[in-house]
Amino acid sequence: MEYENYTFNSDFILLGLFSSSKTSLTFFSFIFFIFIMAITENALMILLIHRDSRLHTPMYFLLSHLSFMDILHISNIVPKMIADFLSGSRTISFAGCAFQIFLSLTLLGGECLLLAAMSYDRYVAICHPLRYPVLMRDNSSRLLAAGSWLVGILNSIVHTVFALHFPFCHSRAIDHFFCEVPAMLKLSCIDTTHYERGVYVSGIIFLLIPFSMISISYVQILLTVFQMQSSGARQKSFSTCSFHMVVVIMYYGPFIFTYMRPRSYHTPGQDKFLAIFYTILTPTLNPIIYSFRNKDVLMAVKNIVQSNFLNKK
């Protein structure tokens, strides 16, 4: 079958989040601030884990990978948004769009698996503390991190190739602030139902199964916490688990809603709003919730500040 305006090499147009109104300028300033904050927080987290020997544990090793993923993820999207807003150009090349899809899916899928690995680490540490040194050895944490990256990359390669092999016969305007698969599928002029079923299967593997594992892990953790004798320890553990679950729901909830609905149920405004949560907000919140509320991390910050102050003197 012949398709008119069949394009593989033409540029796309990202309609983005911002218009030329004063409200958009305020929103742009907010996004820019969030971007700087996310990069600073996650880079600091990686630095602290690298420099402080007390943070050389499986939990913080996985956290360092989470921070690295968050830096890459937000850097894959926001700088392009900023450049487009400042320059007034909204075009993105076919290769640039392909790279953005590939990196985004790699990091989104990898982070889903990594968050499940982190919940398993906390489950073993709290529910089976005597077995923790055996179950969560250094090799175990390295395998979990490497597996998250590898499976995320393999899944991303498959979906990037399939999503971009469809002919784009209509408008090249992507009503989104980055190249995302559901938004790209709307540009295709052929039936993508079979591919969408593949996306649904991937959603079960990368979203529903890890989210279920995380939920079960935290239920078990809370059951163990409620059996503690100290009310202070119970309250602290419950607070920590609650914050963790809030961030997990903020990440998985919009992600599941975006990737596991039929294409006909998607609206551009809704997709862009939901994508903000798992592409921009959670990379900013992760270091605060998982790390900077932790006394070991705060002590590491204090030690670095003191050592730098003493070196200057």
# chains A, B, ... in the order shown; residues from 1 in each chain; ligands from 1
call {"tool": "residues_around", "arguments": {"residues": "Val201 in chain A", "least_positions_apart": "3", "cutoff": "12 Å", "atoms": "only C-alpha atoms", "output": "list in words"}}
result
Asn155, His159, His194, Tyr195, Glu196, Arg197, Gly198, Ile204, Ile205, Phe206, Leu207, Leu208, Ile209, Ile256, Tyr259, Met260 and Arg261 of chain A
call {"tool": "select_by_dssp", "arguments": {"residues": "range 102-229 of chain A", "states": "strand (DSSP E or B)", "output": "list in words"}}
result
Phe168, Ala173, Ile174 and Ser188 of chain A
call {"tool": "write_last_selection", "arguments": {"atoms": "all heavy atoms", "output": "short mmCIF file (atom, residue, chain, number, x, y, z; two decimals), in the first residue's frame"}}
result
data_model
loop_
_atom_site.label_atom_id
_atom_site.label_comp_id
_atom_site.auth_asym_id
_atom_site.auth_seq_id
_atom_site.Cartn_x
_atom_site.Cartn_y
_atom_site.Cartn_z
N PHE A 168 4.53 7.86 9.08
CA PHE A 168 3.87 9.05 9.61
C PHE A 168 3.36 9.87 8.43
O PHE A 168 4.09 10.65 7.83
CB PHE A 168 4.85 9.86 10.46
CG PHE A 168 5.46 9.06 11.58
CD1 PHE A 168 6.80 8.72 11.56
CD2 PHE A 168 4.67 8.63 12.62
CE1 PHE A 168 7.36 7.97 12.59
CE2 PHE A 168 5.21 7.89 13.66
CZ PHE A 168 6.56 7.55 13.64
N ALA A 173 3.31 17.24 13.73
CA ALA A 173 3.25 17.98 15.00
C ALA A 173 2.88 17.02 16.14
O ALA A 173 1.79 16.45 16.17
CB ALA A 173 2.22 19.10 14.90
N ILE A 174 3.81 16.84 17.07
CA ILE A 174 3.59 15.97 18.23
C ILE A 174 3.05 16.84 19.36
O ILE A 174 3.75 17.74 19.85
CB ILE A 174 4.91 15.29 18.67
CG1 ILE A 174 5.51 14.51 17.50
CG2 ILE A 174 4.67 14.39 19.87
CD1 ILE A 174 6.91 13.98 17.79
N SER A 188 0.66 8.09 13.23
CA SER A 188 0.71 7.02 12.25
C SER A 188 -0.61 6.90 11.50
O SER A 188 -1.69 7.09 12.07
CB SER A 188 1.03 5.69 12.94
OG SER A 188 0.98 4.62 12.02
#
call {"tool": "residues_around", "arguments": {"residues": "Phe162 in chain A", "least_positions_apart": "3", "cutoff": "10 Å", "atoms": "only C-alpha atoms", "output": "NGL selection string"}}
result
:A and (156-159 or 165-166 or 181 or 192 or 195 or 198)
call {"tool": "write_last_selection", "arguments": {"atoms": "N, CA and C atoms", "output": "tab-separated table (two decimals), in the first residue's frame"}}
result
chain	number	residue	atom	x	y	z
A	156	SER	N	13.69	-0.98	25.59
A	156	SER	CA	13.67	0.30	24.89
A	156	SER	C	14.04	0.14	23.41
A	157	ILE	N	15.03	-0.70	23.14
A	157	ILE	CA	15.42	-0.92	21.74
A	157	ILE	C	14.25	-1.46	20.93
A	158	VAL	N	13.55	-2.44	21.48
A	158	VAL	CA	12.41	-3.05	20.79
A	158	VAL	C	11.34	-2.01	20.51
A	159	HIS	N	10.95	-1.24	21.54
A	159	HIS	CA	9.85	-0.29	21.36
A	159	HIS	C	10.25	0.90	20.50
A	165	HIS	N	9.06	2.70	13.14
A	165	HIS	CA	8.99	2.09	11.80
A	165	HIS	C	7.63	2.32	11.14
A	166	PHE	N	6.66	2.83	11.93
A	166	PHE	CA	5.35	3.12	11.35
A	166	PHE	C	5.45	4.34	10.43
A	181	VAL	N	6.01	7.56	23.11
A	181	VAL	CA	5.38	6.58	22.23
A	181	VAL	C	3.89	6.81	22.02
A	192	THR	N	-2.25	0.49	14.54
A	192	THR	CA	-1.17	0.11	15.46
A	192	THR	C	-1.68	-0.77	16.61
A	195	TYR	N	0.72	-3.53	17.86
A	195	TYR	CA	1.85	-2.98	18.62
A	195	TYR	C	1.39	-2.50	20.00
A	198	GLY	N	1.51	-5.10	22.43
A	198	GLY	CA	2.87	-5.30	22.93
A	198	GLY	C	3.22	-4.31	24.01
call {"tool": "closest_residue", "arguments": {"among": "A:His56, A:Leu17, A:Thr279, A:Phe30", "to": "Leu103 in chain A", "atoms": "only C-alpha atoms"}}
result
A:Thr279
call {"tool": "closest_residue", "arguments": {"among": "A:Ser171, A:Ser140, A:Thr23, A:Ser93", "to": "Met118 in chain A", "atoms": "only C-alpha atoms"}}
result
A:Ser140
call {"tool": "residues_around", "arguments": {"residues": "range 238-247 of chain A", "least_positions_apart": "4", "cutoff": "9 Å", "atoms": "only C-alpha atoms", "output": "PyMOL selection string"}}
result
chain A and resi 214-215+218+221-222+225-226+233-234+251-252+282+285-286+289-290+293
call {"tool": "write_last_selection", "arguments": {"atoms": "N, CA, C and O atoms", "output": "short mmCIF file (atom, residue, chain, number, x, y, z; two decimals), in the first residue's frame"}}
result
data_model
loop_
_atom_site.label_atom_id
_atom_site.label_comp_id
_atom_site.auth_asym_id
_atom_site.auth_seq_id
_atom_site.Cartn_x
_atom_site.Cartn_y
_atom_site.Cartn_z
N ILE A 214 6.32 -3.92 45.06
CA ILE A 214 6.61 -2.83 45.99
C ILE A 214 5.51 -2.72 47.04
O ILE A 214 5.77 -2.59 48.24
N SER A 215 4.26 -2.81 46.60
CA SER A 215 3.13 -2.71 47.52
C SER A 215 3.15 -3.84 48.54
O SER A 215 2.97 -3.61 49.75
N TYR A 218 5.98 -3.30 51.10
CA TYR A 218 5.70 -2.28 52.12
C TYR A 218 4.59 -2.72 53.07
O TYR A 218 4.59 -2.31 54.24
N ILE A 221 6.47 -4.82 55.44
CA ILE A 221 7.28 -3.94 56.29
C ILE A 221 6.43 -3.30 57.38
O ILE A 221 6.81 -3.27 58.56
N LEU A 222 5.25 -2.81 56.99
CA LEU A 222 4.37 -2.16 57.97
C LEU A 222 3.88 -3.16 59.03
O LEU A 222 3.78 -2.82 60.21
N VAL A 225 6.67 -3.51 61.34
CA VAL A 225 6.85 -2.28 62.11
C VAL A 225 5.84 -2.18 63.25
O VAL A 225 6.18 -1.78 64.36
N PHE A 226 4.60 -2.59 62.98
CA PHE A 226 3.57 -2.50 64.01
C PHE A 226 3.83 -3.44 65.19
O PHE A 226 3.23 -3.28 66.26
N ALA A 233 9.94 4.28 67.25
CA ALA A 233 10.44 3.56 66.08
C ALA A 233 9.30 3.23 65.13
O ALA A 233 9.46 3.32 63.90
N ARG A 234 8.15 2.88 65.68
CA ARG A 234 6.98 2.58 64.85
C ARG A 234 6.56 3.81 64.06
O ARG A 234 6.30 3.74 62.86
N TYR A 251 4.83 8.11 40.76
CA TYR A 251 5.60 7.67 39.60
C TYR A 251 4.83 6.63 38.79
O TYR A 251 4.60 6.81 37.58
N TYR A 252 4.40 5.56 39.45
CA TYR A 252 3.75 4.46 38.74
C TYR A 252 2.34 4.81 38.28
O TYR A 252 1.91 4.38 37.21
N THR A 282 9.13 13.52 39.94
CA THR A 282 9.73 12.45 40.74
C THR A 282 11.25 12.49 40.75
O THR A 282 11.85 12.18 41.80
N LEU A 285 11.84 14.78 43.60
CA LEU A 285 11.39 14.32 44.92
C LEU A 285 12.18 13.11 45.42
O LEU A 285 12.33 12.94 46.64
N ASN A 286 12.67 12.26 44.52
CA ASN A 286 13.34 11.02 44.94
C ASN A 286 14.48 11.26 45.93
O ASN A 286 14.55 10.58 46.97
N ILE A 289 12.99 12.31 49.43
CA ILE A 289 12.22 11.28 50.14
C ILE A 289 13.11 10.10 50.54
O ILE A 289 13.06 9.62 51.68
N TYR A 290 13.94 9.62 49.60
CA TYR A 290 14.73 8.42 49.86
C TYR A 290 16.03 8.69 50.60
O TYR A 290 16.59 7.78 51.20
N ARG A 293 16.10 12.78 53.98
CA ARG A 293 15.40 12.64 55.26
C ARG A 293 16.09 11.60 56.14
O ARG A 293 15.67 11.35 57.27
#
call {"tool": "residues_around", "arguments": {"residues": "Cys112 in chain A", "least_positions_apart": "4", "cutoff": "12 Å", "atoms": "only C-alpha atoms", "output": "PyMOL selection string"}}
result
chain A and resi 66+69-70+105-108+116-119+144-145+147-149+151-152+202-214+248-249+251-253+255-256+278
call {"tool": "write_last_selection", "arguments": {"atoms": "N, CA and C atoms", "output": "JSON list (two decimals), in the first residue's frame"}}
result
[["chain", "number", "residue", "atom", "x", "y", "z"],
["A", 66, "LEU", "N", 19.66, 5.16, 41.09],
["A", 66, "LEU", "CA", 18.40, 5.88, 40.92],
["A", 66, "LEU", "C", 18.67, 7.36, 40.63],
["A", 69, "MET", "N", 19.96, 7.73, 37.08],
["A", 69, "MET", "CA", 18.86, 7.61, 36.13],
["A", 69, "MET", "C", 18.03, 8.89, 36.10],
["A", 70, "ASP", "N", 17.78, 9.46, 37.26],
["A", 70, "ASP", "CA", 16.97, 10.68, 37.33],
["A", 70, "ASP", "C", 17.67, 11.86, 36.65],
["A", 105, "LEU", "N", 12.59, 5.58, 27.43],
["A", 105, "LEU", "CA", 12.08, 4.24, 27.74],
["A", 105, "LEU", "C", 13.09, 3.42, 28.52],
["A", 106, "THR", "N", 14.38, 3.58, 28.22],
["A", 106, "THR", "CA", 15.42, 2.89, 28.98],
["A", 106, "THR", "C", 15.36, 3.27, 30.44],
["A", 107, "LEU", "N", 15.27, 4.57, 30.70],
["A", 107, "LEU", "CA", 15.31, 5.06, 32.08],
["A", 107, "LEU", "C", 14.00, 4.82, 32.81],
["A", 108, "LEU", "N", 12.88, 4.97, 32.10],
["A", 108, "LEU", "CA", 11.59, 4.70, 32.74],
["A", 108, "LEU", "C", 11.46, 3.23, 33.12],
["A", 116, "ALA", "N", 11.65, -1.46, 42.44],
["A", 116, "ALA", "CA", 11.24, -2.76, 43.00],
["A", 116, "ALA", "C", 12.40, -3.40, 43.74],
["A", 117, "ALA", "N", 13.62, -3.29, 43.19],
["A", 117, "ALA", "CA", 14.81, -3.82, 43.85],
["A", 117, "ALA", "C", 15.05, -3.11, 45.17],
["A", 118, "MET", "N", 14.84, -1.80, 45.21],
["A", 118, "MET", "CA", 15.03, -1.05, 46.45],
["A", 118, "MET", "C", 14.01, -1.44, 47.51],
["A", 119, "SER", "N", 12.78, -1.71, 47.09],
["A", 119, "SER", "CA", 11.77, -2.14, 48.06],
["A", 119, "SER", "C", 12.11, -3.52, 48.61],
["A", 144, "LEU", "N", 21.28, -6.59, 40.71],
["A", 144, "LEU", "CA", 19.98, -5.95, 40.62],
["A", 144, "LEU", "C", 20.06, -4.65, 39.80],
["A", 145, "ALA", "N", 21.10, -3.87, 40.06],
["A", 145, "ALA", "CA", 21.27, -2.61, 39.32],
["A", 145, "ALA", "C", 21.56, -2.88, 37.84],
["A", 147, "GLY", "N", 20.88, -5.55, 36.13],
["A", 147, "GLY", "CA", 19.69, -6.13, 35.51],
["A", 147, "GLY", "C", 18.66, -5.08, 35.15],
["A", 148, "SER", "N", 18.49, -4.09, 36.01],
["A", 148, "SER", "CA", 17.55, -3.00, 35.74],
["A", 148, "SER", "C", 17.95, -2.23, 34.49],
["A", 149, "TRP", "N", 19.25, -1.93, 34.38],
["A", 149, "TRP", "CA", 19.75, -1.21, 33.20],
["A", 149, "TRP", "C", 19.61, -2.06, 31.94],
["A", 151, "VAL", "N", 17.75, -4.82, 31.18],
["A", 151, "VAL", "CA", 16.38, -5.12, 30.75],
["A", 151, "VAL", "C", 15.70, -3.85, 30.22],
["A", 152, "GLY", "N", 15.97, -2.72, 30.88],
["A", 152, "GLY", "CA", 15.42, -1.45, 30.41],
["A", 152, "GLY", "C", 15.92, -1.10, 29.01],
["A", 202, "SER", "N", 4.31, -5.08, 27.91],
["A", 202, "SER", "CA", 5.44, -4.44, 28.57],
["A", 202, "SER", "C", 5.00, -3.71, 29.82],
["A", 203, "GLY", "N", 3.79, -3.12, 29.76],
["A", 203, "GLY", "CA", 3.26, -2.42, 30.93],
["A", 203, "GLY", "C", 3.04, -3.37, 32.10],
["A", 204, "ILE", "N", 2.60, -4.58, 31.80],
["A", 204, "ILE", "CA", 2.42, -5.58, 32.86],
["A", 204, "ILE", "C", 3.77, -5.93, 33.48],
["A", 205, "ILE", "N", 4.79, -6.12, 32.63],
["A", 205, "ILE", "CA", 6.11, -6.54, 33.10],
["A", 205, "ILE", "C", 6.81, -5.42, 33.86],
["A", 206, "PHE", "N", 6.76, -4.21, 33.34],
["A", 206, "PHE", "CA", 7.54, -3.11, 33.91],
["A", 206, "PHE", "C", 6.75, -2.24, 34.89],
["A", 207, "LEU", "N", 5.43, -2.32, 34.86],
["A", 207, "LEU", "CA", 4.64, -1.46, 35.73],
["A", 207, "LEU", "C", 3.84, -2.23, 36.77],
["A", 208, "LEU", "N", 2.94, -3.09, 36.30],
["A", 208, "LEU", "CA", 2.04, -3.76, 37.25],
["A", 208, "LEU", "C", 2.78, -4.72, 38.17],
["A", 209, "ILE", "N", 3.68, -5.54, 37.62],
["A", 209, "ILE", "CA", 4.39, -6.51, 38.46],
["A", 209, "ILE", "C", 5.31, -5.81, 39.47],
["A", 210, "PRO", "N", 6.18, -4.86, 39.04],
["A", 210, "PRO", "CA", 7.01, -4.16, 40.04],
["A", 210, "PRO", "C", 6.18, -3.38, 41.07],
["A", 211, "PHE", "N", 5.10, -2.72, 40.61],
["A", 211, "PHE", "CA", 4.27, -1.97, 41.56],
["A", 211, "PHE", "C", 3.62, -2.90, 42.57],
["A", 212, "SER", "N", 3.19, -4.08, 42.12],
["A", 212, "SER", "CA", 2.61, -5.06, 43.05],
["A", 212, "SER", "C", 3.65, -5.55, 44.04],
["A", 213, "MET", "N", 4.87, -5.80, 43.56],
["A", 213, "MET", "CA", 5.95, -6.24, 44.44],
["A", 213, "MET", "C", 6.28, -5.18, 45.48],
["A", 214, "ILE", "N", 6.32, -3.92, 45.06],
["A", 214, "ILE", "CA", 6.61, -2.83, 45.99],
["A", 214, "ILE", "C", 5.51, -2.72, 47.04],
["A", 248, "VAL", "N", 6.19, 6.52, 45.07],
["A", 248, "VAL", "CA", 5.98, 5.38, 44.18],
["A", 248, "VAL", "C", 4.66, 5.53, 43.42],
["A", 249, "ILE", "N", 3.60, 5.93, 44.11],
["A", 249, "ILE", "CA", 2.30, 6.11, 43.47],
["A", 249, "ILE", "C", 2.34, 7.27, 42.48],
["A", 251, "TYR", "N", 4.83, 8.11, 40.76],
["A", 251, "TYR", "CA", 5.60, 7.67, 39.60],
["A", 251, "TYR", "C", 4.83, 6.63, 38.79],
["A", 252, "TYR", "N", 4.40, 5.56, 39.45],
["A", 252, "TYR", "CA", 3.75, 4.46, 38.74],
["A", 252, "TYR", "C", 2.34, 4.81, 38.28],
["A", 253, "GLY", "N", 1.59, 5.56, 39.10],
["A", 253, "GLY", "CA", 0.21, 5.87, 38.78],
["A", 253, "GLY", "C", 0.04, 6.54, 37.42],
["A", 255, "PHE", "N", 2.23, 6.84, 35.07],
["A", 255, "PHE", "CA", 2.90, 6.00, 34.08],
["A", 255, "PHE", "C", 1.97, 4.89, 33.60],
["A", 256, "ILE", "N", 1.32, 4.20, 34.54],
["A", 256, "ILE", "CA", 0.37, 3.14, 34.20],
["A", 256, "ILE", "C", -0.81, 3.71, 33.41],
["A", 278, "TYR", "N", 6.12, 11.73, 36.12],
["A", 278, "TYR", "CA", 7.19, 10.73, 36.08],
["A", 278, "TYR", "C", 8.43, 11.17, 35.32]]
call {"tool": "closest_residue", "arguments": {"among": "A:Leu114, A:Ile190, A:Ile82, A:Met184", "to": "Phe27 in chain A", "atoms": "only C-alpha atoms"}}
result
A:Ile82
call {"tool": "closest_residue", "arguments": {"among": "A:Leu130, A:Leu185, A:Leu72, A:Leu113", "to": "Ala146 in chain A", "atoms": "only C-alpha atoms"}}
result
A:Leu113
call {"tool": "atom_distance", "arguments": {"atom1": "CA of Thr160 in chain A", "atom2": "CA of Gly269 in chain A"}}
result
23.2 Å
call {"tool": "residues_around", "arguments": {"residues": "Val297 in chain A", "least_positions_apart": "6", "cutoff": "10 Å", "atoms": "only C-alpha atoms", "output": "list in words"}}
result
Met45, Leu48, Ile49, Asp52, Arg54, Leu55, Tyr60, Tyr290, Ser291 and Asn303 of chain A
call {"tool": "atom_distance", "arguments": {"atom1": "CA of Gln270 in chain A", "atom2": "CA of Thr40 in chain A"}}
result
28.9 Å
call {"tool": "residues_around", "arguments": {"residues": "Leu135 in chain A", "least_positions_apart": "3", "cutoff": "12 Å", "atoms": "only C-alpha atoms", "output": "list in words"}}
result
Pro58, Tyr120, Asp121, Arg122, Tyr123, Val124, Ala125, His128, Pro129, Leu130, Arg131, Tyr132, Asp138, Asn139, Ser140, Ser141 and Leu144 of chain A
call {"tool": "write_last_selection", "arguments": {"atoms": "C-alpha atoms", "output": "short mmCIF file (atom, residue, chain, number, x, y, z; two decimals), in the first residue's frame"}}
result
data_model
loop_
_atom_site.label_atom_id
_atom_site.label_comp_id
_atom_site.auth_asym_id
_atom_site.auth_seq_id
_atom_site.Cartn_x
_atom_site.Cartn_y
_atom_site.Cartn_z
CA PRO A 58 23.49 -2.06 49.05
CA TYR A 120 13.12 -5.69 48.22
CA ASP A 121 16.25 -4.37 49.93
CA ARG A 122 14.14 -2.58 52.58
CA TYR A 123 11.91 -5.64 52.99
CA VAL A 124 14.88 -7.90 53.72
CA ALA A 125 16.53 -5.31 55.99
CA HIS A 128 14.65 -10.48 57.83
CA PRO A 129 17.56 -8.49 59.33
CA LEU A 130 19.60 -11.57 60.24
CA ARG A 131 19.54 -12.80 56.64
CA TYR A 132 20.27 -9.37 55.15
CA ASP A 138 27.50 -6.45 47.27
CA ASN A 139 27.21 -8.80 44.30
CA SER A 140 23.45 -9.01 44.76
CA SER A 141 22.98 -5.24 44.63
CA LEU A 144 19.98 -5.95 40.62
#
